[in-house]
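A.B. asks: Structure file target04.txt (compact mmCIF, N, CA and C atoms and all ligand atoms) right here:
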```
# COMPACT_ATOMS: atom_id res chain seq x y z
N MET A 5 -18.02 65.80 -89.17
CA MET A 5 -16.73 65.55 -88.53
C MET A 5 -16.91 64.66 -87.31
N PRO A 6 -16.05 63.69 -87.14
CA PRO A 6 -16.13 62.84 -85.95
C PRO A 6 -15.89 63.65 -84.67
N GLU A 7 -16.44 63.16 -83.59
CA GLU A 7 -16.30 63.84 -82.30
C GLU A 7 -14.83 64.02 -81.92
N SER A 8 -14.02 63.02 -82.26
CA SER A 8 -12.61 63.04 -81.91
C SER A 8 -11.85 64.12 -82.66
N ASP A 9 -12.53 64.67 -83.65
CA ASP A 9 -11.85 65.60 -84.56
C ASP A 9 -12.16 67.04 -84.21
N GLY A 10 -12.50 67.30 -82.93
CA GLY A 10 -12.83 68.66 -82.52
C GLY A 10 -11.65 69.60 -82.60
N ALA A 11 -11.96 70.88 -82.50
CA ALA A 11 -10.92 71.91 -82.62
C ALA A 11 -9.81 71.73 -81.61
N GLU A 12 -10.18 71.28 -80.39
CA GLU A 12 -9.15 71.09 -79.36
C GLU A 12 -8.17 69.99 -79.74
N LYS A 13 -8.72 68.89 -80.27
CA LYS A 13 -7.87 67.76 -80.67
C LYS A 13 -6.98 68.16 -81.83
N ILE A 14 -7.54 68.90 -82.77
CA ILE A 14 -6.74 69.34 -83.92
C ILE A 14 -5.61 70.27 -83.45
N ALA A 15 -5.92 71.14 -82.48
CA ALA A 15 -4.89 72.04 -81.95
C ALA A 15 -3.78 71.25 -81.28
N ALA A 16 -4.16 70.20 -80.55
CA ALA A 16 -3.16 69.37 -79.88
C ALA A 16 -2.31 68.62 -80.91
N MET A 17 -2.95 68.15 -81.98
CA MET A 17 -2.21 67.46 -83.04
C MET A 17 -1.24 68.43 -83.72
N LEU A 18 -1.72 69.64 -83.97
CA LEU A 18 -0.87 70.64 -84.63
C LEU A 18 0.33 70.98 -83.75
N ALA A 19 0.12 71.11 -82.45
CA ALA A 19 1.22 71.41 -81.53
C ALA A 19 2.24 70.29 -81.53
N ALA A 20 1.76 69.05 -81.52
CA ALA A 20 2.66 67.89 -81.54
C ALA A 20 3.44 67.82 -82.85
N ALA A 21 2.75 68.09 -83.95
CA ALA A 21 3.41 68.04 -85.26
C ALA A 21 4.44 69.16 -85.39
N ARG A 22 4.11 70.35 -84.86
CA ARG A 22 5.06 71.46 -84.92
C ARG A 22 6.30 71.16 -84.07
N ALA A 23 6.09 70.56 -82.90
CA ALA A 23 7.21 70.22 -82.03
C ALA A 23 8.11 69.21 -82.72
N ALA A 24 7.51 68.24 -83.41
CA ALA A 24 8.29 67.24 -84.15
C ALA A 24 9.02 67.90 -85.31
N MET A 25 8.32 68.79 -86.01
CA MET A 25 8.92 69.49 -87.15
C MET A 25 10.17 70.25 -86.73
N ALA A 26 10.13 70.79 -85.52
CA ALA A 26 11.28 71.55 -85.01
C ALA A 26 12.50 70.66 -84.83
N GLN A 27 12.28 69.34 -84.72
CA GLN A 27 13.38 68.38 -84.55
C GLN A 27 13.77 67.68 -85.85
N ALA A 28 13.12 68.05 -86.94
CA ALA A 28 13.38 67.38 -88.22
C ALA A 28 14.87 67.42 -88.57
N TYR A 29 15.32 66.35 -89.19
CA TYR A 29 16.69 66.29 -89.69
C TYR A 29 16.60 66.41 -91.21
N ALA A 30 16.73 67.63 -91.69
CA ALA A 30 16.54 67.88 -93.12
C ALA A 30 17.64 68.79 -93.68
N PRO A 31 18.91 68.36 -93.55
CA PRO A 31 20.01 69.21 -94.01
C PRO A 31 20.10 69.32 -95.53
N TYR A 32 19.45 68.42 -96.26
CA TYR A 32 19.57 68.41 -97.72
C TYR A 32 18.44 69.18 -98.38
N SER A 33 17.22 68.88 -98.00
CA SER A 33 16.08 69.60 -98.59
C SER A 33 15.86 70.94 -97.89
N ARG A 34 16.30 71.03 -96.65
CA ARG A 34 15.98 72.20 -95.81
C ARG A 34 14.48 72.44 -95.78
N PHE A 35 13.74 71.37 -95.80
CA PHE A 35 12.29 71.46 -95.77
C PHE A 35 11.76 70.58 -94.65
N PRO A 36 11.78 71.09 -93.42
CA PRO A 36 11.29 70.29 -92.28
C PRO A 36 9.79 70.07 -92.36
N VAL A 37 9.38 68.87 -92.01
CA VAL A 37 7.96 68.51 -92.01
C VAL A 37 7.63 67.83 -90.69
N GLY A 38 6.45 68.09 -90.19
CA GLY A 38 5.97 67.41 -88.99
C GLY A 38 4.65 66.73 -89.29
N ALA A 39 4.40 65.61 -88.64
CA ALA A 39 3.12 64.91 -88.81
C ALA A 39 2.63 64.45 -87.45
N ALA A 40 1.32 64.36 -87.32
CA ALA A 40 0.73 63.84 -86.09
C ALA A 40 -0.44 62.94 -86.47
N LEU A 41 -0.52 61.81 -85.80
CA LEU A 41 -1.61 60.86 -86.01
C LEU A 41 -2.41 60.76 -84.73
N LEU A 42 -3.72 60.77 -84.86
CA LEU A 42 -4.59 60.53 -83.71
C LEU A 42 -5.00 59.06 -83.77
N GLY A 43 -4.59 58.30 -82.77
CA GLY A 43 -4.94 56.89 -82.75
C GLY A 43 -6.36 56.69 -82.25
N ALA A 44 -6.90 55.52 -82.51
CA ALA A 44 -8.24 55.19 -82.02
C ALA A 44 -8.28 55.22 -80.50
N ASN A 45 -7.12 55.07 -79.87
CA ASN A 45 -7.02 55.11 -78.41
C ASN A 45 -7.00 56.53 -77.86
N GLY A 46 -7.05 57.53 -78.76
CA GLY A 46 -7.08 58.92 -78.32
C GLY A 46 -5.71 59.55 -78.16
N LYS A 47 -4.66 58.74 -78.29
CA LYS A 47 -3.31 59.27 -78.16
C LYS A 47 -2.83 59.88 -79.47
N ILE A 48 -1.91 60.82 -79.36
CA ILE A 48 -1.34 61.49 -80.52
C ILE A 48 0.10 61.02 -80.70
N TYR A 49 0.41 60.64 -81.95
CA TYR A 49 1.76 60.18 -82.28
C TYR A 49 2.35 61.13 -83.31
N ALA A 50 3.53 61.66 -83.02
CA ALA A 50 4.13 62.64 -83.91
C ALA A 50 5.39 62.09 -84.55
N GLY A 51 5.77 62.70 -85.66
CA GLY A 51 7.00 62.31 -86.35
C GLY A 51 7.51 63.46 -87.19
N CYS A 52 8.77 63.36 -87.59
CA CYS A 52 9.37 64.38 -88.46
C CYS A 52 10.14 63.66 -89.55
N ASN A 53 10.51 64.43 -90.59
CA ASN A 53 11.30 63.80 -91.64
C ASN A 53 12.75 63.63 -91.17
N VAL A 54 13.35 62.54 -91.58
CA VAL A 54 14.73 62.20 -91.22
C VAL A 54 15.46 61.87 -92.52
N GLU A 55 16.25 62.83 -92.99
CA GLU A 55 16.93 62.62 -94.27
C GLU A 55 18.25 61.88 -94.09
N ASN A 56 18.85 61.50 -95.22
CA ASN A 56 20.09 60.73 -95.18
C ASN A 56 20.95 61.14 -96.37
N ALA A 57 22.27 61.08 -96.19
CA ALA A 57 23.19 61.42 -97.27
C ALA A 57 22.95 60.54 -98.49
N ALA A 58 22.53 59.30 -98.25
CA ALA A 58 22.07 58.44 -99.34
C ALA A 58 20.57 58.71 -99.46
N TYR A 59 20.21 59.68 -100.28
CA TYR A 59 18.87 60.26 -100.29
C TYR A 59 17.68 59.30 -100.12
N PRO A 60 17.64 58.21 -100.88
CA PRO A 60 16.42 57.36 -100.76
C PRO A 60 16.25 56.72 -99.38
N GLN A 61 17.29 56.76 -98.56
CA GLN A 61 17.19 56.12 -97.24
C GLN A 61 16.51 57.01 -96.20
N GLY A 62 16.21 58.23 -96.57
CA GLY A 62 15.51 59.11 -95.63
C GLY A 62 14.07 58.66 -95.46
N CYS A 63 13.41 59.19 -94.44
CA CYS A 63 11.99 58.86 -94.31
C CYS A 63 11.17 60.10 -93.96
N CYS A 64 9.92 60.03 -94.37
CA CYS A 64 9.00 61.16 -94.21
C CYS A 64 8.46 61.25 -92.79
N ALA A 65 7.93 62.42 -92.46
CA ALA A 65 7.35 62.65 -91.15
C ALA A 65 6.18 61.68 -90.87
N GLU A 66 5.36 61.43 -91.88
CA GLU A 66 4.22 60.54 -91.69
C GLU A 66 4.68 59.13 -91.34
N THR A 67 5.74 58.69 -92.03
CA THR A 67 6.29 57.35 -91.77
C THR A 67 6.84 57.26 -90.36
N SER A 68 7.52 58.30 -89.91
CA SER A 68 8.04 58.32 -88.54
C SER A 68 6.90 58.24 -87.53
N ALA A 69 5.82 58.98 -87.80
CA ALA A 69 4.68 58.97 -86.88
C ALA A 69 4.00 57.59 -86.85
N ILE A 70 3.91 56.96 -88.01
CA ILE A 70 3.32 55.61 -88.06
C ILE A 70 4.16 54.65 -87.21
N SER A 71 5.48 54.74 -87.33
CA SER A 71 6.35 53.86 -86.55
C SER A 71 6.12 54.05 -85.05
N ALA A 72 6.00 55.31 -84.63
CA ALA A 72 5.77 55.58 -83.20
C ALA A 72 4.44 54.98 -82.76
N MET A 73 3.42 55.09 -83.60
CA MET A 73 2.09 54.57 -83.27
C MET A 73 2.12 53.03 -83.16
N ILE A 74 2.73 52.41 -84.13
CA ILE A 74 2.78 50.94 -84.13
C ILE A 74 3.60 50.43 -82.95
N ALA A 75 4.71 51.10 -82.64
CA ALA A 75 5.54 50.69 -81.51
C ALA A 75 4.79 50.79 -80.19
N ASP A 76 3.79 51.68 -80.16
CA ASP A 76 2.98 51.84 -78.94
C ASP A 76 1.82 50.85 -78.88
N GLY A 77 1.65 50.08 -79.94
CA GLY A 77 0.58 49.07 -79.94
C GLY A 77 -0.71 49.50 -80.59
N GLU A 78 -0.78 50.74 -81.09
CA GLU A 78 -2.00 51.21 -81.77
C GLU A 78 -1.95 50.80 -83.24
N ARG A 79 -3.13 50.48 -83.79
CA ARG A 79 -3.18 50.02 -85.18
C ARG A 79 -4.19 50.79 -86.03
N GLN A 80 -4.90 51.74 -85.41
CA GLN A 80 -5.96 52.42 -86.15
C GLN A 80 -5.79 53.94 -86.06
N ILE A 81 -5.73 54.58 -87.22
CA ILE A 81 -5.59 56.05 -87.29
C ILE A 81 -6.98 56.67 -87.39
N ARG A 82 -7.25 57.61 -86.48
CA ARG A 82 -8.54 58.30 -86.49
C ARG A 82 -8.46 59.64 -87.23
N ALA A 83 -7.27 60.25 -87.23
CA ALA A 83 -7.07 61.51 -87.95
C ALA A 83 -5.58 61.69 -88.23
N VAL A 84 -5.30 62.41 -89.30
CA VAL A 84 -3.92 62.69 -89.72
C VAL A 84 -3.75 64.20 -89.82
N LEU A 85 -2.58 64.67 -89.45
CA LEU A 85 -2.26 66.09 -89.62
C LEU A 85 -0.82 66.20 -90.09
N VAL A 86 -0.60 67.02 -91.10
CA VAL A 86 0.73 67.24 -91.64
C VAL A 86 0.98 68.74 -91.67
N VAL A 87 2.18 69.16 -91.24
CA VAL A 87 2.51 70.58 -91.24
C VAL A 87 3.87 70.80 -91.90
N GLY A 88 3.92 71.86 -92.72
CA GLY A 88 5.17 72.23 -93.37
C GLY A 88 5.28 73.74 -93.40
N GLN A 89 6.33 74.20 -94.05
CA GLN A 89 6.53 75.64 -94.14
C GLN A 89 6.18 76.13 -95.54
N GLY A 90 6.15 77.43 -95.69
CA GLY A 90 5.87 78.01 -97.00
C GLY A 90 4.39 78.18 -97.23
N THR A 91 4.06 78.72 -98.39
CA THR A 91 2.67 79.04 -98.68
C THR A 91 1.97 77.96 -99.50
N ALA A 92 2.76 77.08 -100.14
CA ALA A 92 2.14 76.02 -100.95
C ALA A 92 1.53 74.96 -100.05
N LEU A 93 0.39 74.45 -100.45
CA LEU A 93 -0.28 73.41 -99.68
C LEU A 93 0.59 72.16 -99.66
N ILE A 94 0.79 71.61 -98.46
CA ILE A 94 1.61 70.41 -98.32
C ILE A 94 0.69 69.24 -98.03
N ALA A 95 0.94 68.13 -98.72
CA ALA A 95 0.13 66.92 -98.54
C ALA A 95 1.08 65.73 -98.51
N PRO A 96 0.65 64.62 -97.91
CA PRO A 96 1.51 63.43 -97.87
C PRO A 96 1.93 63.00 -99.28
N CYS A 97 3.16 62.53 -99.41
CA CYS A 97 3.64 62.03 -100.71
C CYS A 97 2.91 60.73 -101.04
N GLY A 98 3.10 60.26 -102.26
CA GLY A 98 2.41 59.06 -102.70
C GLY A 98 2.69 57.85 -101.82
N GLY A 99 3.96 57.67 -101.45
CA GLY A 99 4.32 56.53 -100.62
C GLY A 99 3.64 56.59 -99.26
N CYS A 100 3.60 57.78 -98.67
CA CYS A 100 2.97 57.93 -97.35
C CYS A 100 1.46 57.77 -97.43
N ARG A 101 0.85 58.15 -98.54
CA ARG A 101 -0.60 57.93 -98.69
C ARG A 101 -0.88 56.43 -98.58
N GLN A 102 -0.06 55.64 -99.21
CA GLN A 102 -0.23 54.19 -99.14
C GLN A 102 0.03 53.68 -97.72
N ARG A 103 1.07 54.19 -97.06
CA ARG A 103 1.38 53.74 -95.70
C ARG A 103 0.26 54.13 -94.73
N LEU A 104 -0.26 55.34 -94.88
CA LEU A 104 -1.35 55.80 -94.00
C LEU A 104 -2.60 54.96 -94.24
N ASN A 105 -2.86 54.63 -95.50
CA ASN A 105 -4.05 53.88 -95.86
C ASN A 105 -4.11 52.52 -95.17
N GLU A 106 -2.95 51.97 -94.86
CA GLU A 106 -2.88 50.67 -94.19
C GLU A 106 -3.60 50.70 -92.84
N PHE A 107 -3.61 51.87 -92.20
CA PHE A 107 -4.14 51.98 -90.83
C PHE A 107 -5.29 52.97 -90.72
N ALA A 108 -5.75 53.50 -91.84
CA ALA A 108 -6.81 54.50 -91.83
C ALA A 108 -7.98 54.04 -92.69
N ALA A 109 -9.09 54.77 -92.60
CA ALA A 109 -10.27 54.47 -93.42
C ALA A 109 -10.42 55.55 -94.48
N ALA A 110 -11.27 55.28 -95.47
CA ALA A 110 -11.46 56.24 -96.55
C ALA A 110 -11.97 57.59 -96.03
N ASN A 111 -12.73 57.56 -94.93
CA ASN A 111 -13.29 58.82 -94.39
C ASN A 111 -12.42 59.43 -93.28
N THR A 112 -11.23 58.89 -93.06
CA THR A 112 -10.32 59.46 -92.06
C THR A 112 -9.90 60.86 -92.51
N PRO A 113 -10.10 61.88 -91.65
CA PRO A 113 -9.70 63.23 -92.04
C PRO A 113 -8.19 63.42 -92.05
N VAL A 114 -7.73 64.21 -93.01
CA VAL A 114 -6.32 64.55 -93.14
C VAL A 114 -6.23 66.07 -93.18
N HIS A 115 -5.64 66.65 -92.14
CA HIS A 115 -5.53 68.09 -92.02
C HIS A 115 -4.19 68.54 -92.59
N LEU A 116 -4.24 69.39 -93.60
CA LEU A 116 -3.04 69.88 -94.28
C LEU A 116 -2.75 71.28 -93.76
N CYS A 117 -1.58 71.44 -93.13
CA CYS A 117 -1.31 72.68 -92.41
C CYS A 117 -0.05 73.40 -92.88
N GLY A 118 -0.11 74.71 -92.75
CA GLY A 118 1.03 75.57 -93.02
C GLY A 118 1.36 76.33 -91.74
N PRO A 119 2.22 77.31 -91.86
CA PRO A 119 2.64 78.08 -90.66
C PRO A 119 1.46 78.69 -89.89
N GLN A 120 0.40 79.02 -90.59
CA GLN A 120 -0.74 79.67 -89.92
C GLN A 120 -1.72 78.67 -89.31
N GLY A 121 -1.55 77.40 -89.63
CA GLY A 121 -2.48 76.39 -89.12
C GLY A 121 -3.11 75.59 -90.25
N VAL A 122 -4.31 75.06 -90.01
CA VAL A 122 -4.96 74.20 -91.01
C VAL A 122 -5.32 75.02 -92.25
N MET A 123 -4.84 74.55 -93.40
CA MET A 123 -5.14 75.23 -94.66
C MET A 123 -6.29 74.52 -95.37
N GLN A 124 -6.33 73.20 -95.22
CA GLN A 124 -7.37 72.43 -95.89
C GLN A 124 -7.50 71.07 -95.20
N THR A 125 -8.72 70.56 -95.14
CA THR A 125 -8.95 69.22 -94.60
C THR A 125 -9.57 68.36 -95.68
N VAL A 126 -8.94 67.23 -95.95
CA VAL A 126 -9.43 66.30 -96.96
C VAL A 126 -9.61 64.94 -96.30
N THR A 127 -9.94 63.92 -97.05
CA THR A 127 -10.05 62.58 -96.49
C THR A 127 -9.01 61.68 -97.14
N MET A 128 -8.74 60.57 -96.48
CA MET A 128 -7.82 59.59 -97.05
C MET A 128 -8.33 59.12 -98.42
N GLY A 129 -9.64 58.95 -98.53
CA GLY A 129 -10.22 58.50 -99.79
C GLY A 129 -9.98 59.48 -100.93
N ALA A 130 -9.95 60.78 -100.58
CA ALA A 130 -9.69 61.80 -101.61
C ALA A 130 -8.22 61.79 -102.00
N LEU A 131 -7.34 61.51 -101.01
CA LEU A 131 -5.90 61.50 -101.29
C LEU A 131 -5.47 60.24 -102.03
N LEU A 132 -6.17 59.14 -101.76
CA LEU A 132 -5.77 57.86 -102.37
C LEU A 132 -7.01 57.09 -102.84
N PRO A 133 -7.60 57.56 -103.94
CA PRO A 133 -8.79 56.87 -104.46
C PRO A 133 -8.42 55.49 -105.02
N TYR A 134 -9.37 54.60 -105.00
CA TYR A 134 -9.16 53.24 -105.52
C TYR A 134 -7.95 52.58 -104.86
N ALA A 135 -7.83 52.80 -103.56
CA ALA A 135 -6.65 52.32 -102.84
C ALA A 135 -6.57 50.80 -102.81
N PHE A 136 -5.37 50.32 -102.88
CA PHE A 136 -5.08 48.90 -102.63
C PHE A 136 -4.74 48.81 -101.16
N GLY A 137 -5.46 47.96 -100.43
CA GLY A 137 -5.23 47.89 -98.99
C GLY A 137 -5.41 46.49 -98.44
N PRO A 138 -5.43 46.39 -97.11
CA PRO A 138 -5.55 45.08 -96.46
C PRO A 138 -6.75 44.28 -96.95
N GLN A 139 -7.86 45.01 -97.31
CA GLN A 139 -9.06 44.31 -97.77
C GLN A 139 -8.80 43.50 -99.03
N ASN A 140 -7.85 43.94 -99.85
CA ASN A 140 -7.54 43.22 -101.08
C ASN A 140 -6.87 41.88 -100.81
N LEU A 141 -6.27 41.77 -99.64
CA LEU A 141 -5.58 40.53 -99.29
C LEU A 141 -6.39 39.69 -98.32
N GLY A 142 -7.64 40.15 -98.09
CA GLY A 142 -8.53 39.40 -97.22
C GLY A 142 -8.11 39.41 -95.77
N SER A 143 -7.34 40.45 -95.39
CA SER A 143 -6.88 40.51 -94.01
C SER A 143 -7.31 41.79 -93.31
N ALA A 144 -8.45 42.36 -93.78
CA ALA A 144 -8.96 43.58 -93.12
C ALA A 144 -9.29 43.26 -91.68
N SER A 145 -8.92 44.17 -90.80
CA SER A 145 -9.14 43.91 -89.37
C SER A 145 -10.59 44.11 -88.98
ZN ZN B 201 6.07 60.67 -97.57
```
Give the structure from the file, written as structure tokens.
Ligand SMILES: [Zn+2]
C.D. replies:
Amino acid sequence: MPESDGAEKIAAMLAAARAAMAQAYAPYSRFPVGAALLGANGKIYAGCNVENAAYPQGCCAETSAISAMIADGERQIRAVLVVGQGTALIAPCGGCRQRLNEFAAANTPVHLCGPQGVMQTVTMGALLPYAFGPQNLGSAS
């Protein structure tokens, strides 16, 4: 595990994701989700899902967190954390795996959390194998 991925940092990410989850706008699914990204700069960026009456126009918690990170000028994700409710393991949807991959590496840890905390930690490479990314377009940073 990277140094940045210590228990204290994960706890801070979980707190940020939970705080964002509490603000989720999810009147249709009633399934609030929170996400937190640890930037290479050490800052934590959180987001929640924001649904819409025109369903496809809603956005996921991970996407909201990416927007906050990019707006702050950060471009590199060092760790990802997602939190939801219920007992089933929650993981980023397919679209968000692709969005996260744009700013993360194959070995970037992704912490999947439930009400009790971290349930499982995987890597971006495990979530999105054979990913199509910036390297395919010759624009890897
Ligand atoms: Zn998603």
A.B. asks: Let's see if you can do this: from backbone DSSP, list all strand (DSSP E or B) residues in chain A, as a PyMOL selection string.
C.D. replies: chain A and resi 29+38-43+48-52+54+63+81-87+113-118+121-127
A.B. asks: What residues have any atom no more than 6 Å from ligand ZN 201 (chain B) when counting only C-alpha atoms and all ligand atoms, and can you list them as an NGL selection string?
C.D. replies: :A and (64 or 96-97 or 99-100)
A.B. asks: Of the candidates A:Ala57, A:Leu85, A:Ala23, A:Cys63, which one gets nearest to Leu42 in chain A if we count all atoms listed in the file?
C.D. replies: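 Checking each candidate against Leu42 in chain A, we get A:Leu85 as the closest.
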A.B. asks: Extract, using all atoms listed in the file, all DNA, RNA and protein residues at most 6 Å from Asn53 in chain A, discarding same-chain residues fewer than 4 positions from it, and format them as a list in words.
C.D. replies: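 Surrounding residues, per the criterion: Ala28, Tyr29, Ala30, Pro36, Val37, Gly38, Cys63, Cys64 and Ala65 of chain A.
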A.B. asks: What is the atom N of Asn111 in chain A to CA of Val54 in chain A distance in Å?
C.D. replies: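 A separation of 28.1 Å between them.
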A.B. asks: One decimal, in Å: what's the spacing between atom N of Thr67 in chain A and atom C of Gly142 in chain A?
C.D. replies: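 That distance, rounded to one decimal, is 24.0 Å.
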A.B. asks: Hey, can you check how far atom C of Ala69 in chain A sits from atom C of Ile81 in chain A?
C.D. replies: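 If I compute the distance from atom C of Ala69 in chain A to atom C of Ile81 in chain A, I get 11.0 Å.
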